[in-house]
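Written below as structure tokens is the structure these notes are about.
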Amino acid sequence: MWEGTCLVFRSSFYNISSKKAAVSLKGRSYYLRQLMENICTDIKQAAEVNGAKTVEIIYNSGGKFYLLTDNTPQIVQAVETCAKQAKQNLWVEHKGQLGVNISHVAFNENPDGTVDCQDAIGQKPGYLWKMANAEFAHQKSQKFKDILTDSYQEFFEPIPVGGKPKVCAVTGIESPDCVMISAEGKDEEMYVLPSVRQQIQLGEELRVQEGFKTFEEYAGDTNLGILRMDIDGLGKRFITGFDSISQYKAFSKKLVDFFEEKTRKIQQETEFKPYLNIIYAGGDDLFVVGRWDKVIDFAERIHQETENHFGSEGISISGGIAVVQPKFPISKAAELAGDAEDAAKQFRNGEKNAFCMLGKTISWNQEFDYVKSIKQQFVTLIKQYDLSKGILHKLMLYSSIADRNKIRRKEGKQEDFSYIWHISYYLTRFMKRYESNRAVCDFCRSLRDREIDYRNGRKLELIALAARWAELVLKDDINN
């Protein structure tokens with residue numbers, strides 16, 4: 001078994017400035033996908049040329065591939081030579097910004113689906129994946145070993161100084177190799193790395209084919225949403241969840257079909273196509289940019305489709321969204337979305353199956369629907385029944401007091417429970433103020449007597465999140 005992965009470090013994929021951001025990211029995503037496809041194809045052909053009777057790609061998506069082939073000295077040598085050449089090519093092109101690691105583990109598959117791997121006999125196939133990943137991690141820790149061995153002088157050659165430095169306008173990397181291109185929508189020109197120029201050209205071609213917009217055009221008069229999602233606990237599932245390699249193949253195909261086909265079909269629907277763009281979908285994760293409210297709707301839809309697609313297998317998906325101004329640096333926005341996704345993964349000590357939005361993490365199971373329902377009630381009552389928007393800020397204020405109590409509790413300080421009677425008093429006063437408006441009175445009474453859980457504050461957190469969500473929706477209505 002051979003495993004290869006293009007190493008795109010967390011910050012490097014998104015190190016894009018606002019200039020040509022949409023086409024740069026889209027082009028970069030396509031570039032990486034094609035790069036991985038080419039490396040996998042080259043290795044497959046190298047094995048075949050050297051007499052392999054079996055060459056089977058089990059999985060190739062998301063910058064990672066698993067390939068099965070015969071274990072002979074000739075094939076091992078051919079594949080290692082091919083991998084070494086790929087590393088050298090990427091070093092010449094990207095100077096360490098992008099690289100590839102390839103490892104392999106020898107095994108035998110038994111008739112009952114178990115495997116013999118190294119000194120372990122009759123193991124479940126997950127053991128093979130565990131050993132392959134361990135070997136890969138070892139290779140990853142020495143990712144520049146071949147470059148140091150074969151190109152020592154080039155690796156350590158000094159960067160020339162003097163004169164006006166050329167800095168890539170997209171990545172911010174200084175390099176004498178930068179080339180000049182025209183800036184988007186302007187007469188001025190800018191410098192970019194040759195690889196960036198290629199990615200921009202790919203992005204421009206894709207824009208013509210797919211008709212996607214700039215990030216500012218997607219946002220329009222409102223905010224931009226940056227979404228990142230991925231499957232929960234996939235690594236653990238690969239190690240413990242299958243009884244045969246054929247089950248791995250079936251599941252891998254299902255995974256690829258979902259992220260590379262299903263998500264894009266959803267994006268093409270009328271509800272989403274004018275408002276958002278999938279920058280990346282592959283492996284088990286997703287990166288989407290678009291109008292903030294539509295991106296939230298898209299995340300909800302992806303969650304629902306994940307349950308439909310993988311429901312019988314107990315698969316869930318978590319994600320996070322950053323809501324920012326259209327001109328906000330996309331690299332920073334991607335980082336914020338990554339932090340939100342991490343928060344969702346850590347929800348309730350690793351329970352996952354969660355979504356982080358507007359600074360709060362909530363479970364997809366019941367909590368999201370609850371927040372959405374309360375949000376809609378706020379919006380409807382404010383727009384149609386003249387409910388004061390002041391209720392939104394008050395509930396957010398009281399929730400923040402309850403949040404501070406958690407910190408006080410950890411620090412051993414006295415907690416402030418004044419928010420409890422303040423909420424009750426405030427909502428009671430609202431009911432008297434709107435006593436002729438039954439819809440508003442019933443809603444405030446419901447919040448006061450049933451919805452807000454004064455014992456642990458969770459319901460108040462959810463209601464405050466709904467208030468924040470409603471506030472953004474109402475702000476958009478005013479602007480439009």
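Naming scheme: A, B, ... for chains in displayed order of the structure tokens; residues 1 onward per chain; ligands 1 onward as shown.
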
Tell me, as a PDB file with N, CA, C and O atoms, in the first residue's frame, which residues lie within 10 Å of Met229 in chain A, counting only C-alpha atoms; anything in the same chain fewer than 5 positions away does not count.
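As written to disk, selection.pdb reads:
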```pdb
ATOM      1  N   ALA A 281     -13.797  21.427  -2.281  1.00  0.00           N
ATOM      2  CA  ALA A 281     -14.577  20.320  -1.742  1.00  0.00           C
ATOM      3  C   ALA A 281     -13.876  19.037  -2.139  1.00  0.00           C
ATOM      4  O   ALA A 281     -13.797  18.699  -3.314  1.00  0.00           O
ATOM      5  N   ASP A 284     -12.603  14.969   2.956  1.00  0.00           N
ATOM      6  CA  ASP A 284     -13.765  14.986   3.834  1.00  0.00           C
ATOM      7  C   ASP A 284     -14.073  16.400   4.304  1.00  0.00           C
ATOM      8  O   ASP A 284     -14.733  16.587   5.315  1.00  0.00           O
ATOM      9  N   ASP A 285     -13.601  17.405   3.550  1.00  0.00           N
ATOM     10  CA  ASP A 285     -13.849  18.773   4.019  1.00  0.00           C
ATOM     11  C   ASP A 285     -14.268  19.703   2.898  1.00  0.00           C
ATOM     12  O   ASP A 285     -14.209  19.373   1.711  1.00  0.00           O
ATOM     13  N   LEU A 286     -14.686  20.902   3.334  1.00  0.00           N
ATOM     14  CA  LEU A 286     -15.367  21.835   2.460  1.00  0.00           C
ATOM     15  C   LEU A 286     -14.975  23.253   2.850  1.00  0.00           C
ATOM     16  O   LEU A 286     -14.851  23.571   4.031  1.00  0.00           O
ATOM     17  N   PHE A 287     -14.766  24.109   1.829  1.00  0.00           N
ATOM     18  CA  PHE A 287     -14.449  25.515   2.064  1.00  0.00           C
ATOM     19  C   PHE A 287     -15.315  26.342   1.118  1.00  0.00           C
ATOM     20  O   PHE A 287     -15.251  26.168  -0.097  1.00  0.00           O
ATOM     21  N   VAL A 288     -16.159  27.201   1.689  1.00  0.00           N
ATOM     22  CA  VAL A 288     -17.155  27.934   0.914  1.00  0.00           C
ATOM     23  C   VAL A 288     -17.095  29.413   1.274  1.00  0.00           C
ATOM     24  O   VAL A 288     -16.910  29.771   2.441  1.00  0.00           O
ATOM     25  N   ALA A 299     -24.629  25.540   4.912  1.00  0.00           N
ATOM     26  CA  ALA A 299     -24.070  24.660   5.942  1.00  0.00           C
ATOM     27  C   ALA A 299     -25.148  23.745   6.511  1.00  0.00           C
ATOM     28  O   ALA A 299     -24.920  22.535   6.714  1.00  0.00           O
ATOM     29  N   ILE A 302     -25.880  21.060   3.947  1.00  0.00           N
ATOM     30  CA  ILE A 302     -24.818  20.055   3.899  1.00  0.00           C
ATOM     31  C   ILE A 302     -24.944  19.090   5.072  1.00  0.00           C
ATOM     32  O   ILE A 302     -24.756  17.870   4.933  1.00  0.00           O
ATOM     33  N   HIS A 303     -25.259  19.626   6.247  1.00  0.00           N
ATOM     34  CA  HIS A 303     -25.482  18.760   7.409  1.00  0.00           C
ATOM     35  C   HIS A 303     -26.615  17.777   7.140  1.00  0.00           C
ATOM     36  O   HIS A 303     -26.494  16.572   7.417  1.00  0.00           O
ATOM     37  N   ILE A 317     -21.086  15.655  10.593  1.00  0.00           N
ATOM     38  CA  ILE A 317     -20.188  16.684  10.073  1.00  0.00           C
ATOM     39  C   ILE A 317     -20.264  17.911  10.967  1.00  0.00           C
ATOM     40  O   ILE A 317     -21.330  18.263  11.472  1.00  0.00           O
ATOM     41  N   SER A 318     -19.132  18.533  11.212  1.00  0.00           N
ATOM     42  CA  SER A 318     -19.072  19.758  12.005  1.00  0.00           C
ATOM     43  C   SER A 318     -18.469  20.880  11.165  1.00  0.00           C
ATOM     44  O   SER A 318     -17.765  20.616  10.182  1.00  0.00           O
ATOM     45  N   GLY A 319     -18.735  22.105  11.566  1.00  0.00           N
ATOM     46  CA  GLY A 319     -18.201  23.228  10.798  1.00  0.00           C
ATOM     47  C   GLY A 319     -18.293  24.531  11.546  1.00  0.00           C
ATOM     48  O   GLY A 319     -18.871  24.615  12.633  1.00  0.00           O
ATOM     49  N   GLY A 320     -17.694  25.548  10.947  1.00  0.00           N
ATOM     50  CA  GLY A 320     -17.717  26.878  11.547  1.00  0.00           C
ATOM     51  C   GLY A 320     -17.727  27.939  10.468  1.00  0.00           C
ATOM     52  O   GLY A 320     -17.188  27.738   9.375  1.00  0.00           O
ATOM     53  N   ILE A 321     -18.324  29.073  10.771  1.00  0.00           N
ATOM     54  CA  ILE A 321     -18.409  30.173   9.824  1.00  0.00           C
ATOM     55  C   ILE A 321     -17.860  31.439  10.447  1.00  0.00           C
ATOM     56  O   ILE A 321     -18.090  31.726  11.631  1.00  0.00           O
ATOM     57  N   ALA A 337     -12.503  31.186  10.378  1.00  0.00           N
ATOM     58  CA  ALA A 337     -13.423  30.082  10.089  1.00  0.00           C
ATOM     59  C   ALA A 337     -12.830  28.763  10.577  1.00  0.00           C
ATOM     60  O   ALA A 337     -13.553  27.893  11.087  1.00  0.00           O
ATOM     61  N   GLY A 338     -11.500  28.604  10.435  1.00  0.00           N
ATOM     62  CA  GLY A 338     -10.830  27.407  10.948  1.00  0.00           C
ATOM     63  C   GLY A 338     -10.935  27.312  12.462  1.00  0.00           C
ATOM     64  O   GLY A 338     -11.141  26.223  13.009  1.00  0.00           O
ATOM     65  N   ALA A 340     -13.356  28.569  14.237  1.00  0.00           N
ATOM     66  CA  ALA A 340     -14.753  28.231  14.513  1.00  0.00           C
ATOM     67  C   ALA A 340     -15.001  26.739  14.285  1.00  0.00           C
ATOM     68  O   ALA A 340     -15.697  26.082  15.069  1.00  0.00           O
ATOM     69  N   GLU A 341     -14.405  26.204  13.231  1.00  0.00           N
ATOM     70  CA  GLU A 341     -14.529  24.768  12.961  1.00  0.00           C
ATOM     71  C   GLU A 341     -13.898  23.960  14.095  1.00  0.00           C
ATOM     72  O   GLU A 341     -14.471  22.948  14.538  1.00  0.00           O
ATOM     73  N   ASP A 342     -12.745  24.385  14.586  1.00  0.00           N
ATOM     74  CA  ASP A 342     -12.096  23.699  15.707  1.00  0.00           C
ATOM     75  C   ASP A 342     -12.984  23.716  16.948  1.00  0.00           C
ATOM     76  O   ASP A 342     -13.069  22.727  17.686  1.00  0.00           O
ATOM     77  N   ALA A 344     -16.185  23.786  16.983  1.00  0.00           N
ATOM     78  CA  ALA A 344     -17.260  22.818  16.763  1.00  0.00           C
ATOM     79  C   ALA A 344     -16.768  21.398  17.022  1.00  0.00           C
ATOM     80  O   ALA A 344     -17.499  20.562  17.567  1.00  0.00           O
ATOM     81  N   LYS A 345     -15.523  21.120  16.641  1.00  0.00           N
ATOM     82  CA  LYS A 345     -14.954  19.787  16.860  1.00  0.00           C
ATOM     83  C   LYS A 345     -14.753  19.489  18.343  1.00  0.00           C
ATOM     84  O   LYS A 345     -14.747  18.334  18.765  1.00  0.00           O
ATOM     85  N   ALA A 354     -21.523  19.482  15.403  1.00  0.00           N
ATOM     86  CA  ALA A 354     -21.860  20.823  15.874  1.00  0.00           C
ATOM     87  C   ALA A 354     -21.514  21.871  14.828  1.00  0.00           C
ATOM     88  O   ALA A 354     -20.813  21.603  13.853  1.00  0.00           O
ATOM     89  N   PHE A 355     -22.011  23.086  15.078  1.00  0.00           N
ATOM     90  CA  PHE A 355     -21.780  24.200  14.175  1.00  0.00           C
ATOM     91  C   PHE A 355     -21.487  25.440  15.010  1.00  0.00           C
ATOM     92  O   PHE A 355     -22.210  25.739  15.963  1.00  0.00           O
TER      93      PHE A 355
END
```

Exercise. Enumerate as a PyMOL selection string all residues of range 231-389 of chain A assigned to helix (DSSP H, G or I) by DSSP on the backbone, naming them with the chain letters and numbers the document uses.
Key: chain A and resi 234-240+245-267+292-313+330-345+347-350+367-384

Self-check item: Contact residues around range 174-176 of chain A with only C-alpha atoms at 8 Å, ignoring same-chain residues under 6 positions, as a list in words
Solution: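 Counting only C-alpha atoms, the residues come to Pro165, Lys166, Val167, Cys168 and Leu193 of chain A.
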
Who sits within 9 Å of Ala83 in chain A, only C-alpha atoms, same chain under 4 positions skipped, as a PDB file with N, CA and C atoms, in the first residue's frame:
```pdb
ATOM      1  N   GLY A   4       0.158   8.837  -0.299  1.00  0.00           N
ATOM      2  CA  GLY A   4       0.809  10.098  -0.644  1.00  0.00           C
ATOM      3  C   GLY A   4      -0.078  11.271  -0.321  1.00  0.00           C
ATOM      4  N   ILE A  39       0.447  13.230  -9.796  1.00  0.00           N
ATOM      5  CA  ILE A  39       1.410  12.435  -9.024  1.00  0.00           C
ATOM      6  C   ILE A  39       0.911  11.003  -8.866  1.00  0.00           C
ATOM      7  N   ASP A  42       1.246   9.209 -12.176  1.00  0.00           N
ATOM      8  CA  ASP A  42       2.652   8.879 -12.468  1.00  0.00           C
ATOM      9  C   ASP A  42       3.099   7.642 -11.695  1.00  0.00           C
ATOM     10  N   ILE A  43       2.697   7.560 -10.419  1.00  0.00           N
ATOM     11  CA  ILE A  43       3.084   6.408  -9.599  1.00  0.00           C
ATOM     12  C   ILE A  43       2.390   5.140 -10.106  1.00  0.00           C
ATOM     13  N   ALA A  78      10.848   1.735  -8.453  1.00  0.00           N
ATOM     14  CA  ALA A  78      10.249   2.622  -9.456  1.00  0.00           C
ATOM     15  C   ALA A  78       9.366   3.682  -8.798  1.00  0.00           C
ATOM     16  N   VAL A  79       8.573   3.252  -7.827  1.00  0.00           N
ATOM     17  CA  VAL A  79       7.672   4.203  -7.157  1.00  0.00           C
ATOM     18  C   VAL A  79       8.468   5.204  -6.327  1.00  0.00           C
ATOM     19  N   LYS A  87       8.956  15.240  -5.535  1.00  0.00           N
ATOM     20  CA  LYS A  87       9.442  16.140  -4.483  1.00  0.00           C
ATOM     21  C   LYS A  87      10.372  17.207  -5.068  1.00  0.00           C
ATOM     22  N   GLN A  88      11.267  16.763  -5.971  1.00  0.00           N
ATOM     23  CA  GLN A  88      12.227  17.695  -6.568  1.00  0.00           C
ATOM     24  C   GLN A  88      11.505  18.734  -7.418  1.00  0.00           C
ATOM     25  N   VAL A 100       5.327  17.089  -1.168  1.00  0.00           N
ATOM     26  CA  VAL A 100       4.606  15.827  -1.166  1.00  0.00           C
ATOM     27  C   VAL A 100       5.410  14.801  -0.384  1.00  0.00           C
ATOM     28  N   ASN A 101       4.730  13.977   0.370  1.00  0.00           N
ATOM     29  CA  ASN A 101       5.350  12.858   1.071  1.00  0.00           C
ATOM     30  C   ASN A 101       4.663  11.571   0.645  1.00  0.00           C
ATOM     31  N   ILE A 102       5.430  10.546   0.439  1.00  0.00           N
ATOM     32  CA  ILE A 102       4.889   9.265   0.005  1.00  0.00           C
ATOM     33  C   ILE A 102       5.541   8.156   0.825  1.00  0.00           C
TER      34      ILE A 102
END
```

Considering only C-alpha atoms, return as a PDB file with all heavy atoms, in the first residue's frame whatever protein or nucleic-acid residues lie within 8 Å of range 374-376 of chain A, sequence-local ones (same chain, fewer than 2 positions apart) excluded.
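result.pdb, written as the output of this step:
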```
ATOM      1  N   TYR A 370     -33.690  25.048  16.941  1.00  0.00           N
ATOM      2  CA  TYR A 370     -34.286  25.905  17.966  1.00  0.00           C
ATOM      3  C   TYR A 370     -33.854  27.355  17.778  1.00  0.00           C
ATOM      4  O   TYR A 370     -34.678  28.285  17.795  1.00  0.00           O
ATOM      5  CB  TYR A 370     -33.876  25.409  19.350  1.00  0.00           C
ATOM      6  CG  TYR A 370     -34.405  26.262  20.481  1.00  0.00           C
ATOM      7  CD1 TYR A 370     -35.714  26.150  20.908  1.00  0.00           C
ATOM      8  CD2 TYR A 370     -33.570  27.196  21.112  1.00  0.00           C
ATOM      9  CE1 TYR A 370     -36.203  26.947  21.935  1.00  0.00           C
ATOM     10  CE2 TYR A 370     -34.054  27.988  22.139  1.00  0.00           C
ATOM     11  CZ  TYR A 370     -35.365  27.861  22.548  1.00  0.00           C
ATOM     12  OH  TYR A 370     -35.840  28.661  23.551  1.00  0.00           O
ATOM     13  N   VAL A 371     -32.548  27.566  17.603  1.00  0.00           N
ATOM     14  CA  VAL A 371     -32.036  28.931  17.404  1.00  0.00           C
ATOM     15  C   VAL A 371     -32.646  29.547  16.154  1.00  0.00           C
ATOM     16  O   VAL A 371     -33.053  30.719  16.150  1.00  0.00           O
ATOM     17  CB  VAL A 371     -30.497  28.912  17.304  1.00  0.00           C
ATOM     18  CG1 VAL A 371     -29.966  30.285  16.896  1.00  0.00           C
ATOM     19  CG2 VAL A 371     -29.883  28.500  18.631  1.00  0.00           C
ATOM     20  N   LYS A 372     -32.729  28.778  15.101  1.00  0.00           N
ATOM     21  CA  LYS A 372     -33.297  29.279  13.845  1.00  0.00           C
ATOM     22  C   LYS A 372     -34.769  29.682  14.024  1.00  0.00           C
ATOM     23  O   LYS A 372     -35.212  30.707  13.503  1.00  0.00           O
ATOM     24  CB  LYS A 372     -33.169  28.207  12.764  1.00  0.00           C
ATOM     25  CG  LYS A 372     -33.626  28.647  11.386  1.00  0.00           C
ATOM     26  CD  LYS A 372     -33.422  27.526  10.374  1.00  0.00           C
ATOM     27  CE  LYS A 372     -33.892  27.935   8.990  1.00  0.00           C
ATOM     28  NZ  LYS A 372     -33.698  26.835   8.007  1.00  0.00           N
ATOM     29  N   PHE A 378     -38.219  36.433  16.229  1.00  0.00           N
ATOM     30  CA  PHE A 378     -37.759  37.810  16.451  1.00  0.00           C
ATOM     31  C   PHE A 378     -37.980  38.658  15.194  1.00  0.00           C
ATOM     32  O   PHE A 378     -38.527  39.763  15.264  1.00  0.00           O
ATOM     33  CB  PHE A 378     -36.270  37.827  16.801  1.00  0.00           C
ATOM     34  CG  PHE A 378     -35.956  37.538  18.239  1.00  0.00           C
ATOM     35  CD1 PHE A 378     -34.980  36.605  18.579  1.00  0.00           C
ATOM     36  CD2 PHE A 378     -36.619  38.205  19.264  1.00  0.00           C
ATOM     37  CE1 PHE A 378     -34.672  36.340  19.901  1.00  0.00           C
ATOM     38  CE2 PHE A 378     -36.313  37.949  20.601  1.00  0.00           C
ATOM     39  CZ  PHE A 378     -35.347  37.010  20.915  1.00  0.00           C
ATOM     40  N   VAL A 379     -37.537  38.154  14.063  1.00  0.00           N
ATOM     41  CA  VAL A 379     -37.622  38.904  12.811  1.00  0.00           C
ATOM     42  C   VAL A 379     -39.072  39.209  12.459  1.00  0.00           C
ATOM     43  O   VAL A 379     -39.416  40.350  12.111  1.00  0.00           O
ATOM     44  CB  VAL A 379     -36.935  38.125  11.665  1.00  0.00           C
ATOM     45  CG1 VAL A 379     -37.201  38.800  10.317  1.00  0.00           C
ATOM     46  CG2 VAL A 379     -35.437  38.023  11.910  1.00  0.00           C
ATOM     47  N   THR A 380     -39.931  38.207  12.562  1.00  0.00           N
ATOM     48  CA  THR A 380     -41.339  38.389  12.206  1.00  0.00           C
ATOM     49  C   THR A 380     -42.022  39.391  13.127  1.00  0.00           C
ATOM     50  O   THR A 380     -42.748  40.300  12.671  1.00  0.00           O
ATOM     51  CB  THR A 380     -42.083  37.041  12.264  1.00  0.00           C
ATOM     52  OG1 THR A 380     -41.486  36.135  11.330  1.00  0.00           O
ATOM     53  CG2 THR A 380     -43.553  37.215  11.913  1.00  0.00           C
ATOM     54  N   ILE A 463     -30.953  31.682  22.924  1.00  0.00           N
ATOM     55  CA  ILE A 463     -31.845  32.790  22.592  1.00  0.00           C
ATOM     56  C   ILE A 463     -31.039  34.035  22.232  1.00  0.00           C
ATOM     57  O   ILE A 463     -31.386  34.786  21.311  1.00  0.00           O
ATOM     58  CB  ILE A 463     -32.808  33.063  23.766  1.00  0.00           C
ATOM     59  CG1 ILE A 463     -33.791  31.896  23.906  1.00  0.00           C
ATOM     60  CG2 ILE A 463     -33.561  34.371  23.575  1.00  0.00           C
ATOM     61  CD1 ILE A 463     -34.597  31.909  25.184  1.00  0.00           C
ATOM     62  N   ALA A 466     -29.800  33.609  18.784  1.00  0.00           N
ATOM     63  CA  ALA A 466     -30.904  33.890  17.861  1.00  0.00           C
ATOM     64  C   ALA A 466     -31.116  35.392  17.714  1.00  0.00           C
ATOM     65  O   ALA A 466     -31.400  35.898  16.618  1.00  0.00           O
ATOM     66  CB  ALA A 466     -32.178  33.223  18.364  1.00  0.00           C
ATOM     67  N   ALA A 467     -30.959  36.134  18.807  1.00  0.00           N
ATOM     68  CA  ALA A 467     -31.110  37.584  18.769  1.00  0.00           C
ATOM     69  C   ALA A 467     -30.025  38.224  17.900  1.00  0.00           C
ATOM     70  O   ALA A 467     -30.294  39.138  17.114  1.00  0.00           O
ATOM     71  CB  ALA A 467     -31.060  38.154  20.186  1.00  0.00           C
ATOM     72  N   TRP A 469     -28.399  36.752  15.464  1.00  0.00           N
ATOM     73  CA  TRP A 469     -28.713  36.350  14.086  1.00  0.00           C
ATOM     74  C   TRP A 469     -29.806  37.243  13.513  1.00  0.00           C
ATOM     75  O   TRP A 469     -29.708  37.754  12.388  1.00  0.00           O
ATOM     76  CB  TRP A 469     -29.141  34.887  14.103  1.00  0.00           C
ATOM     77  CG  TRP A 469     -29.248  34.206  12.767  1.00  0.00           C
ATOM     78  CD1 TRP A 469     -29.131  34.768  11.531  1.00  0.00           C
ATOM     79  CD2 TRP A 469     -29.505  32.813  12.557  1.00  0.00           C
ATOM     80  NE1 TRP A 469     -29.292  33.812  10.556  1.00  0.00           N
ATOM     81  CE2 TRP A 469     -29.517  32.607  11.155  1.00  0.00           C
ATOM     82  CE3 TRP A 469     -29.710  31.725  13.404  1.00  0.00           C
ATOM     83  CZ2 TRP A 469     -29.750  31.344  10.597  1.00  0.00           C
ATOM     84  CZ3 TRP A 469     -29.929  30.477  12.844  1.00  0.00           C
ATOM     85  CH2 TRP A 469     -29.948  30.289  11.455  1.00  0.00           C
ATOM     86  N   ALA A 470     -30.871  37.456  14.311  1.00  0.00           N
ATOM     87  CA  ALA A 470     -31.980  38.314  13.870  1.00  0.00           C
ATOM     88  C   ALA A 470     -31.506  39.739  13.628  1.00  0.00           C
ATOM     89  O   ALA A 470     -31.945  40.413  12.679  1.00  0.00           O
ATOM     90  CB  ALA A 470     -33.084  38.284  14.923  1.00  0.00           C
TER      91      ALA A 470
END
```

Self-check item: Members of range 168-325 of chain A assigned strand (DSSP E or B) by DSSP, as a PyMOL selection string
Solution: chain A and resi 174+179-182+189-192+224-231+276-282+285-291+317-324

Quiz item: Using only C-alpha atoms, which residues sit within 7 Å of range 385-401 of chain A once same-chain residues fewer than 6 positions away are excluded, as a ChimeraX atom specification?
Solution: /A:419,440,460-461,464,467

Practice problem: Rounded to one decimal place, report the CA of Leu336 in chain A-CA of Leu358 in chain A distance in Å. | Solution: 10.9 Å

Quiz prompt | Minimum-distance residue to Arg228 in chain A, chosen among A:Glu210, A:Glu367, A:Glu80, A:Glu335 (using only C-alpha atoms) | solution =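 Distance minimum relative to Arg228 in chain A lands on A:Glu335.
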
Quiz item: Skipping near chain neighbours, those fewer than 6 positions away, what residues fall within 10 Å of Arg264 in chain A using only C-alpha atoms, listed as a count of residues only?
Solution: 6

Quiz item: Between A:Arg291, A:Lys262, A:Lys143, A:Lys352, which one has atoms that come closest to Gln325 in chain A, using only C-alpha atoms?
Solution: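 Selected residue with least distance to Gln325 in chain A: A:Arg291.
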
Exercise. Using CA of Gly283 in chain A and CA of Leu67 in chain A as the two end points, give the distance in Å to one decimal.
Key: 15.1 Å
